[in-house]
Amino acid sequence: MMTTRLIAYLVMDGNAREAIQFYVQALDAKLMFQQTFGEMPENPDFPLPAESKERIAHAMLKVGESDLMLSDTFPGHPHQSGNQVTICISTKDKESAAKMFDALSQGGNVGMPLQETHFSPAYGSVTDKFGVGFQVFTEGMM
């Protein structure tokens, strides 16, 4: 039987490297893979400007048992910033939830403060400083 997982993929506009470092800190993530456009095989149909060679072509972070993928836009392609990606972070530990929520809030915008709700002992929503929306959800009731 095949297992299906949902993996969020974040497309950045030249700041994927900074975002990777941020999520490693904020979510206690581990960087599993990272490749720049300059490290990829060259495609003669799409010559790469020298200043774009350090942009991230693909990266994968391990956050607990989940994966998070990131890249920068391919040079010359438009980037759409906004709420196109929302990630629900689910945990059983209120302290972990609070720690991640606080970290993601730094330089970001809190939509709903982390609080007890009818469906969670600690739930909140925040848009981080990169414009990425997160829901922090603590499983189980008190």
# chains A, B, ... in the order shown; residues from 1 in each chain; ligands from 1
$ residues_around --residues "Ser125 (chain A)" --least-positions-apart "5" --cutoff "7 Å" --atoms "only C-alpha atoms" --output "PyMOL selection string"
chain A and resi 110-113+134-136
$ write_last_selection --atoms "all heavy atoms" --output "JSON list (two decimals), in the first residue's frame"
[["chain", "number", "residue", "atom", "x", "y", "z"],
["A", 110, "VAL", "N", 0.86, 38.32, 13.61],
["A", 110, "VAL", "CA", 0.00, 37.35, 14.27],
["A", 110, "VAL", "C", -1.44, 37.56, 13.84],
["A", 110, "VAL", "O", -2.00, 38.64, 14.00],
["A", 110, "VAL", "CB", 0.12, 37.45, 15.82],
["A", 110, "VAL", "CG1", -0.89, 36.55, 16.51],
["A", 110, "VAL", "CG2", 1.54, 37.12, 16.26],
["A", 111, "GLY", "N", -2.04, 36.53, 13.24],
["A", 111, "GLY", "CA", -3.45, 36.59, 12.85],
["A", 111, "GLY", "C", -4.36, 36.27, 14.02],
["A", 111, "GLY", "O", -5.36, 36.93, 14.25],
["A", 112, "MET", "N", -3.99, 35.26, 14.80],
["A", 112, "MET", "CA", -4.72, 34.86, 16.00],
["A", 112, "MET", "C", -3.69, 34.43, 17.03],
["A", 112, "MET", "O", -2.91, 33.51, 16.79],
["A", 112, "MET", "CB", -5.67, 33.71, 15.71],
["A", 112, "MET", "CG", -6.42, 33.20, 16.91],
["A", 112, "MET", "SD", -7.54, 31.86, 16.43],
["A", 112, "MET", "CE", -8.02, 31.29, 18.06],
["A", 113, "PRO", "N", -3.64, 35.11, 18.17],
["A", 113, "PRO", "CA", -2.66, 34.73, 19.20],
["A", 113, "PRO", "C", -2.85, 33.27, 19.63],
["A", 113, "PRO", "O", -3.95, 32.74, 19.59],
["A", 113, "PRO", "CB", -2.97, 35.67, 20.36],
["A", 113, "PRO", "CG", -3.71, 36.82, 19.76],
["A", 113, "PRO", "CD", -4.47, 36.25, 18.58],
["A", 134, "PHE", "N", 1.19, 30.29, 8.74],
["A", 134, "PHE", "CA", 1.24, 29.08, 9.55],
["A", 134, "PHE", "C", 0.06, 29.03, 10.51],
["A", 134, "PHE", "O", -0.36, 30.05, 11.04],
["A", 134, "PHE", "CB", 2.52, 29.05, 10.41],
["A", 134, "PHE", "CG", 3.77, 28.78, 9.63],
["A", 134, "PHE", "CD1", 4.47, 29.82, 9.04],
["A", 134, "PHE", "CD2", 4.26, 27.49, 9.50],
["A", 134, "PHE", "CE1", 5.64, 29.58, 8.33],
["A", 134, "PHE", "CE2", 5.41, 27.25, 8.79],
["A", 134, "PHE", "CZ", 6.10, 28.28, 8.20],
["A", 135, "GLN", "N", -0.46, 27.83, 10.71],
["A", 135, "GLN", "CA", -1.40, 27.56, 11.79],
["A", 135, "GLN", "C", -0.65, 26.66, 12.76],
["A", 135, "GLN", "O", -0.10, 25.64, 12.36],
["A", 135, "GLN", "CB", -2.62, 26.82, 11.28],
["A", 135, "GLN", "CG", -3.41, 27.54, 10.23],
["A", 135, "GLN", "CD", -4.47, 26.64, 9.66],
["A", 135, "GLN", "OE1", -5.30, 26.09, 10.37],
["A", 135, "GLN", "NE2", -4.44, 26.46, 8.35],
["A", 136, "VAL", "N", -0.59, 27.03, 14.01],
["A", 136, "VAL", "CA", 0.03, 26.19, 15.03],
["A", 136, "VAL", "C", -1.09, 25.54, 15.81],
["A", 136, "VAL", "O", -1.93, 26.22, 16.40],
["A", 136, "VAL", "CB", 0.97, 26.99, 15.93],
["A", 136, "VAL", "CG1", 1.56, 26.11, 17.02],
["A", 136, "VAL", "CG2", 2.09, 27.64, 15.10]]
$ residues_around --residues "Glu139 (chain A)" --least-positions-apart "2" --cutoff "7 Å" --atoms "only C-alpha atoms" --output "PyMOL selection string"
chain A and resi 90-92+120+137+141
$ select_by_dssp --residues "region 12-135 of chain A" --states "helix (DSSP H, G or I)" --output "VMD selection string"
chain A and resid 16 to 26 37 to 39 50 to 52 94 to 105
$ closest_residue --among "A:Ala19, A:Leu70, A:Ile87, A:Ile7" --to "Phe130 (chain A)" --atoms "only C-alpha atoms"
A:Ala19
$ residues_around --residues "Asp72 (chain A)" --least-positions-apart "3" --cutoff "7 Å" --atoms "only C-alpha atoms" --output "mmCIF file with N, CA and C atoms, in the first residue's frame"
data_model
loop_
_atom_site.group_PDB
_atom_site.id
_atom_site.type_symbol
_atom_site.label_atom_id
_atom_site.label_comp_id
_atom_site.auth_asym_id
_atom_site.auth_seq_id
_atom_site.Cartn_x
_atom_site.Cartn_y
_atom_site.Cartn_z
ATOM 1 N N VAL A 11 8.165 28.824 -2.493
ATOM 2 C CA VAL A 11 8.965 29.455 -3.547
ATOM 3 C C VAL A 11 9.275 30.884 -3.122
ATOM 4 N N MET A 12 10.572 31.166 -2.996
ATOM 5 C CA MET A 12 11.033 32.462 -2.524
ATOM 6 C C MET A 12 11.536 33.305 -3.696
ATOM 7 N N ASP A 13 11.785 34.579 -3.403
ATOM 8 C CA ASP A 13 12.239 35.509 -4.437
ATOM 9 C C ASP A 13 13.675 35.939 -4.177
ATOM 10 N N GLY A 14 14.585 34.955 -4.164
ATOM 11 C CA GLY A 14 15.987 35.271 -3.962
ATOM 12 C C GLY A 14 16.439 35.203 -2.519
ATOM 13 N N ASN A 15 15.529 34.937 -1.576
ATOM 14 C CA ASN A 15 15.921 34.871 -0.166
ATOM 15 C C ASN A 15 15.687 33.480 0.439
ATOM 16 N N ALA A 16 15.711 32.441 -0.395
ATOM 17 C CA ALA A 16 15.509 31.074 0.115
ATOM 18 C C ALA A 16 16.603 30.690 1.104
ATOM 19 N N ARG A 55 21.419 31.425 -6.187
ATOM 20 C CA ARG A 55 20.012 31.229 -5.794
ATOM 21 C C ARG A 55 19.765 29.741 -5.569
ATOM 22 N N ILE A 56 18.860 29.434 -4.652
ATOM 23 C CA ILE A 56 18.568 28.037 -4.300
ATOM 24 C C ILE A 56 17.613 27.445 -5.331
ATOM 25 N N ALA A 57 18.061 26.372 -5.991
ATOM 26 C CA ALA A 57 17.224 25.674 -6.972
ATOM 27 C C ALA A 57 16.296 24.693 -6.274
#
$ atom_distance --atom1 "CA of Phe22 (chain A)" --atom2 "CA of Ser71 (chain A)"
14.1 Å
$ atom_distance --atom1 "CA of Ser96 (chain A)" --atom2 "CA of Leu31 (chain A)"
19.7 Å
$ closest_residue --among "A:Ser66, A:Asn43, A:Thr138, A:Thr127" --to "Asp28 (chain A)" --atoms "only C-alpha atoms"
A:Ser66
$ residues_around --residues "Tyr23 (chain A)" --least-positions-apart "4" --cutoff "10 Å" --atoms "only C-alpha atoms" --output "PyMOL selection string"
chain A and resi 18-19+27-31+61+63+68+100+103-104
$ write_last_selection --atoms "C-alpha atoms" --output "compact mmCIF listing (two decimals), in the first residue's frame"
# COMPACT_ATOMS: atom_id res chain seq x y z
CA GLU A 18 17.85 33.19 4.50
CA ALA A 19 14.51 31.39 4.84
CA LEU A 27 11.31 24.98 13.77
CA ASP A 28 14.40 23.04 14.92
CA ALA A 29 14.65 21.74 11.34
CA LYS A 30 17.54 19.86 9.76
CA LEU A 31 18.80 20.75 6.27
CA LEU A 61 14.35 20.46 5.40
CA VAL A 63 10.98 19.19 10.55
CA LEU A 68 9.54 21.13 3.90
CA MET A 100 7.52 27.66 17.43
CA ALA A 103 9.80 32.14 16.80
CA LEU A 104 7.61 32.41 13.68
$ residues_around --residues "Gln106 (chain A)" --least-positions-apart "3" --cutoff "8 Å" --atoms "only C-alpha atoms" --output "JSON, numbers by chain"
{"A": [102, 103, 128, 129]}
$ write_last_selection --atoms "N, CA and C atoms" --output "CSV table (one decimal), in the first residue's frame"
chain,number,residue,atom,x,y,z
A,102,ASP,N,6.1,31.6,18.8
A,102,ASP,CA,6.9,32.8,19.2
A,102,ASP,C,8.0,33.1,18.2
A,103,ALA,N,8.7,32.0,17.8
A,103,ALA,CA,9.8,32.1,16.8
A,103,ALA,C,9.3,32.6,15.4
A,128,ASP,N,4.7,34.7,8.9
A,128,ASP,CA,6.0,35.0,9.3
A,128,ASP,C,6.6,36.2,8.4
A,129,LYS,N,7.8,36.5,8.7
A,129,LYS,CA,8.5,37.7,8.0
A,129,LYS,C,8.7,37.5,6.5
$ residues_around --residues "Leu114 (chain A)" --least-positions-apart "6" --cutoff "6 Å" --atoms "only C-alpha atoms" --output "ChimeraX atom specification"
/A:122-124
$ write_last_selection --atoms "C-alpha atoms" --output "PDB file, in the first residue's frame"
ATOM      1  CA  ALA A 122      -3.198  25.913  22.132  1.00  0.00           C
ATOM      2  CA  TYR A 123      -3.981  27.180  18.627  1.00  0.00           C
ATOM      3  CA  GLY A 124      -2.911  30.278  16.742  1.00  0.00           C
TER       4      GLY A 124
END
$ select_by_dssp --residues "region 74-105 of chain A" --states "strand (DSSP E)" --output "ChimeraX atom specification"
/A:86-91
$ atom_distance --atom1 "CA of Pro49 (chain A)" --atom2 "CA of Pro75 (chain A)"
7.7 Å
$ closest_residue --among "A:Pro121, A:Glu39, A:Phe74, A:Gln34" --to "Gln21 (chain A)" --atoms "only C-alpha atoms"
A:Gln34
$ residues_around --residues "Gly76 (chain A)" --least-positions-apart "2" --cutoff "10 Å" --atoms "only C-alpha atoms" --output "count of residues only"
7
$ decode --residues "region 58-74 of chain A" --atoms "all heavy atoms" --output "PDB file, in the first residue's frame"
ATOM      1  N   HIS A  58      16.799  24.066  -5.198  1.00  0.00           N
ATOM      2  CA  HIS A  58      15.976  23.125  -4.441  1.00  0.00           C
ATOM      3  C   HIS A  58      16.632  22.868  -3.095  1.00  0.00           C
ATOM      4  O   HIS A  58      17.844  22.727  -3.012  1.00  0.00           O
ATOM      5  CB  HIS A  58      15.812  21.800  -5.189  1.00  0.00           C
ATOM      6  CG  HIS A  58      14.923  20.832  -4.479  1.00  0.00           C
ATOM      7  ND1 HIS A  58      13.566  21.036  -4.348  1.00  0.00           N
ATOM      8  CD2 HIS A  58      15.191  19.669  -3.845  1.00  0.00           C
ATOM      9  CE1 HIS A  58      13.036  20.030  -3.669  1.00  0.00           C
ATOM     10  NE2 HIS A  58      14.011  19.183  -3.351  1.00  0.00           N
ATOM     11  N   ALA A  59      15.814  22.807  -2.070  1.00  0.00           N
ATOM     12  CA  ALA A  59      16.290  22.457  -0.740  1.00  0.00           C
ATOM     13  C   ALA A  59      15.209  21.680  -0.016  1.00  0.00           C
ATOM     14  O   ALA A  59      14.015  21.886  -0.268  1.00  0.00           O
ATOM     15  CB  ALA A  59      16.655  23.713   0.054  1.00  0.00           C
ATOM     16  N   MET A  60      15.633  20.772   0.858  1.00  0.00           N
ATOM     17  CA  MET A  60      14.671  20.032   1.668  1.00  0.00           C
ATOM     18  C   MET A  60      15.095  20.076   3.117  1.00  0.00           C
ATOM     19  O   MET A  60      16.246  19.803   3.449  1.00  0.00           O
ATOM     20  CB  MET A  60      14.537  18.583   1.215  1.00  0.00           C
ATOM     21  CG  MET A  60      13.410  17.894   1.974  1.00  0.00           C
ATOM     22  SD  MET A  60      12.853  16.355   1.225  1.00  0.00           S
ATOM     23  CE  MET A  60      14.113  15.255   1.809  1.00  0.00           C
ATOM     24  N   LEU A  61      14.149  20.446   3.956  1.00  0.00           N
ATOM     25  CA  LEU A  61      14.345  20.460   5.396  1.00  0.00           C
ATOM     26  C   LEU A  61      13.529  19.338   6.009  1.00  0.00           C
ATOM     27  O   LEU A  61      12.444  19.016   5.526  1.00  0.00           O
ATOM     28  CB  LEU A  61      13.877  21.787   5.998  1.00  0.00           C
ATOM     29  CG  LEU A  61      14.579  23.053   5.519  1.00  0.00           C
ATOM     30  CD1 LEU A  61      13.931  24.272   6.151  1.00  0.00           C
ATOM     31  CD2 LEU A  61      16.044  23.004   5.860  1.00  0.00           C
ATOM     32  N   LYS A  62      14.037  18.761   7.087  1.00  0.00           N
ATOM     33  CA  LYS A  62      13.293  17.776   7.871  1.00  0.00           C
ATOM     34  C   LYS A  62      12.863  18.495   9.139  1.00  0.00           C
ATOM     35  O   LYS A  62      13.685  19.017   9.881  1.00  0.00           O
ATOM     36  CB  LYS A  62      14.217  16.594   8.188  1.00  0.00           C
ATOM     37  CG  LYS A  62      13.483  15.380   8.678  1.00  0.00           C
ATOM     38  CD  LYS A  62      12.654  14.808   7.568  1.00  0.00           C
ATOM     39  CE  LYS A  62      12.595  13.306   7.545  1.00  0.00           C
ATOM     40  NZ  LYS A  62      11.583  12.841   6.603  1.00  0.00           N
ATOM     41  N   VAL A  63      11.551  18.557   9.365  1.00  0.00           N
ATOM     42  CA  VAL A  63      10.984  19.187  10.555  1.00  0.00           C
ATOM     43  C   VAL A  63      10.257  18.082  11.314  1.00  0.00           C
ATOM     44  O   VAL A  63       9.163  17.675  10.916  1.00  0.00           O
ATOM     45  CB  VAL A  63      10.008  20.327  10.195  1.00  0.00           C
ATOM     46  CG1 VAL A  63       9.502  21.005  11.463  1.00  0.00           C
ATOM     47  CG2 VAL A  63      10.653  21.328   9.251  1.00  0.00           C
ATOM     48  N   GLY A  64      10.867  17.567  12.361  1.00  0.00           N
ATOM     49  CA  GLY A  64      10.303  16.400  13.034  1.00  0.00           C
ATOM     50  C   GLY A  64      10.271  15.245  12.050  1.00  0.00           C
ATOM     51  O   GLY A  64      11.298  14.851  11.515  1.00  0.00           O
ATOM     52  N   GLU A  65       9.091  14.723  11.774  1.00  0.00           N
ATOM     53  CA  GLU A  65       8.944  13.627  10.808  1.00  0.00           C
ATOM     54  C   GLU A  65       8.463  14.110   9.442  1.00  0.00           C
ATOM     55  O   GLU A  65       8.189  13.315   8.562  1.00  0.00           O
ATOM     56  CB  GLU A  65       7.965  12.583  11.359  1.00  0.00           C
ATOM     57  CG  GLU A  65       8.466  11.911  12.633  1.00  0.00           C
ATOM     58  CD  GLU A  65       7.476  10.906  13.192  1.00  0.00           C
ATOM     59  OE1 GLU A  65       6.448  10.635  12.531  1.00  0.00           O
ATOM     60  OE2 GLU A  65       7.725  10.407  14.289  1.00  0.00           O
ATOM     61  N   SER A  66       8.347  15.431   9.274  1.00  0.00           N
ATOM     62  CA  SER A  66       7.804  15.992   8.037  1.00  0.00           C
ATOM     63  C   SER A  66       8.893  16.656   7.202  1.00  0.00           C
ATOM     64  O   SER A  66       9.958  16.999   7.701  1.00  0.00           O
ATOM     65  CB  SER A  66       6.732  17.038   8.358  1.00  0.00           C
ATOM     66  OG  SER A  66       5.697  16.455   9.112  1.00  0.00           O
ATOM     67  N   ASP A  67       8.591  16.851   5.934  1.00  0.00           N
ATOM     68  CA  ASP A  67       9.506  17.518   5.022  1.00  0.00           C
ATOM     69  C   ASP A  67       8.963  18.886   4.634  1.00  0.00           C
ATOM     70  O   ASP A  67       7.751  19.075   4.535  1.00  0.00           O
ATOM     71  CB  ASP A  67       9.698  16.696   3.749  1.00  0.00           C
ATOM     72  CG  ASP A  67      10.347  15.350   4.016  1.00  0.00           C
ATOM     73  OD1 ASP A  67      11.157  15.243   4.953  1.00  0.00           O
ATOM     74  OD2 ASP A  67      10.043  14.401   3.280  1.00  0.00           O
ATOM     75  N   LEU A  68       9.878  19.809   4.397  1.00  0.00           N
ATOM     76  CA  LEU A  68       9.541  21.134   3.896  1.00  0.00           C
ATOM     77  C   LEU A  68      10.522  21.435   2.774  1.00  0.00           C
ATOM     78  O   LEU A  68      11.730  21.316   2.959  1.00  0.00           O
ATOM     79  CB  LEU A  68       9.666  22.174   5.008  1.00  0.00           C
ATOM     80  CG  LEU A  68       9.414  23.634   4.626  1.00  0.00           C
ATOM     81  CD1 LEU A  68       7.972  23.837   4.168  1.00  0.00           C
ATOM     82  CD2 LEU A  68       9.728  24.537   5.805  1.00  0.00           C
ATOM     83  N   MET A  69       9.999  21.780   1.595  1.00  0.00           N
ATOM     84  CA  MET A  69      10.850  22.047   0.447  1.00  0.00           C
ATOM     85  C   MET A  69      10.819  23.528   0.103  1.00  0.00           C
ATOM     86  O   MET A  69       9.778  24.171   0.238  1.00  0.00           O
ATOM     87  CB  MET A  69      10.404  21.219  -0.748  1.00  0.00           C
ATOM     88  CG  MET A  69      10.554  19.738  -0.523  1.00  0.00           C
ATOM     89  SD  MET A  69       9.989  18.801  -1.963  1.00  0.00           S
ATOM     90  CE  MET A  69      10.298  17.135  -1.384  1.00  0.00           C
ATOM     91  N   LEU A  70      11.951  24.040  -0.336  1.00  0.00           N
ATOM     92  CA  LEU A  70      12.067  25.451  -0.689  1.00  0.00           C
ATOM     93  C   LEU A  70      12.903  25.618  -1.944  1.00  0.00           C
ATOM     94  O   LEU A  70      13.771  24.801  -2.225  1.00  0.00           O
ATOM     95  CB  LEU A  70      12.791  26.240   0.410  1.00  0.00           C
ATOM     96  CG  LEU A  70      12.176  26.352   1.782  1.00  0.00           C
ATOM     97  CD1 LEU A  70      12.698  25.290   2.695  1.00  0.00           C
ATOM     98  CD2 LEU A  70      12.474  27.722   2.342  1.00  0.00           C
ATOM     99  N   SER A  71      12.650  26.691  -2.650  1.00  0.00           N
ATOM    100  CA  SER A  71      13.516  27.112  -3.745  1.00  0.00           C
ATOM    101  C   SER A  71      13.308  28.595  -3.967  1.00  0.00           C
ATOM    102  O   SER A  71      12.349  29.184  -3.472  1.00  0.00           O
ATOM    103  CB  SER A  71      13.206  26.335  -5.031  1.00  0.00           C
ATOM    104  OG  SER A  71      11.976  26.767  -5.582  1.00  0.00           O
ATOM    105  N   ASP A  72      14.235  29.170  -4.724  1.00  0.00           N
ATOM    106  CA  ASP A  72      14.020  30.518  -5.241  1.00  0.00           C
ATOM    107  C   ASP A  72      13.360  30.375  -6.604  1.00  0.00           C
ATOM    108  O   ASP A  72      13.432  29.316  -7.225  1.00  0.00           O
ATOM    109  CB  ASP A  72      15.362  31.246  -5.409  1.00  0.00           C
ATOM    110  CG  ASP A  72      15.932  31.726  -4.081  1.00  0.00           C
ATOM    111  OD1 ASP A  72      15.182  32.359  -3.322  1.00  0.00           O
ATOM    112  OD2 ASP A  72      17.119  31.476  -3.822  1.00  0.00           O
ATOM    113  N   THR A  73      12.731  31.440  -7.080  1.00  0.00           N
ATOM    114  CA  THR A  73      12.201  31.417  -8.439  1.00  0.00           C
ATOM    115  C   THR A  73      13.364  31.283  -9.411  1.00  0.00           C
ATOM    116  O   THR A  73      14.477  31.735  -9.129  1.00  0.00           O
ATOM    117  CB  THR A  73      11.438  32.714  -8.777  1.00  0.00           C
ATOM    118  OG1 THR A  73      12.301  33.827  -8.508  1.00  0.00           O
ATOM    119  CG2 THR A  73      10.156  32.837  -8.003  1.00  0.00           C
ATOM    120  N   PHE A  74      13.111  30.650 -10.554  1.00  0.00           N
ATOM    121  CA  PHE A  74      14.142  30.572 -11.587  1.00  0.00           C
ATOM    122  C   PHE A  74      14.397  31.985 -12.086  1.00  0.00           C
ATOM    123  O   PHE A  74      13.449  32.760 -12.266  1.00  0.00           O
ATOM    124  CB  PHE A  74      13.704  29.660 -12.743  1.00  0.00           C
ATOM    125  CG  PHE A  74      14.806  29.395 -13.720  1.00  0.00           C
ATOM    126  CD1 PHE A  74      15.753  28.407 -13.453  1.00  0.00           C
ATOM    127  CD2 PHE A  74      14.922  30.140 -14.879  1.00  0.00           C
ATOM    128  CE1 PHE A  74      16.796  28.167 -14.344  1.00  0.00           C
ATOM    129  CE2 PHE A  74      15.959  29.905 -15.779  1.00  0.00           C
ATOM    130  CZ  PHE A  74      16.895  28.918 -15.498  1.00  0.00           C
TER     131      PHE A  74
END
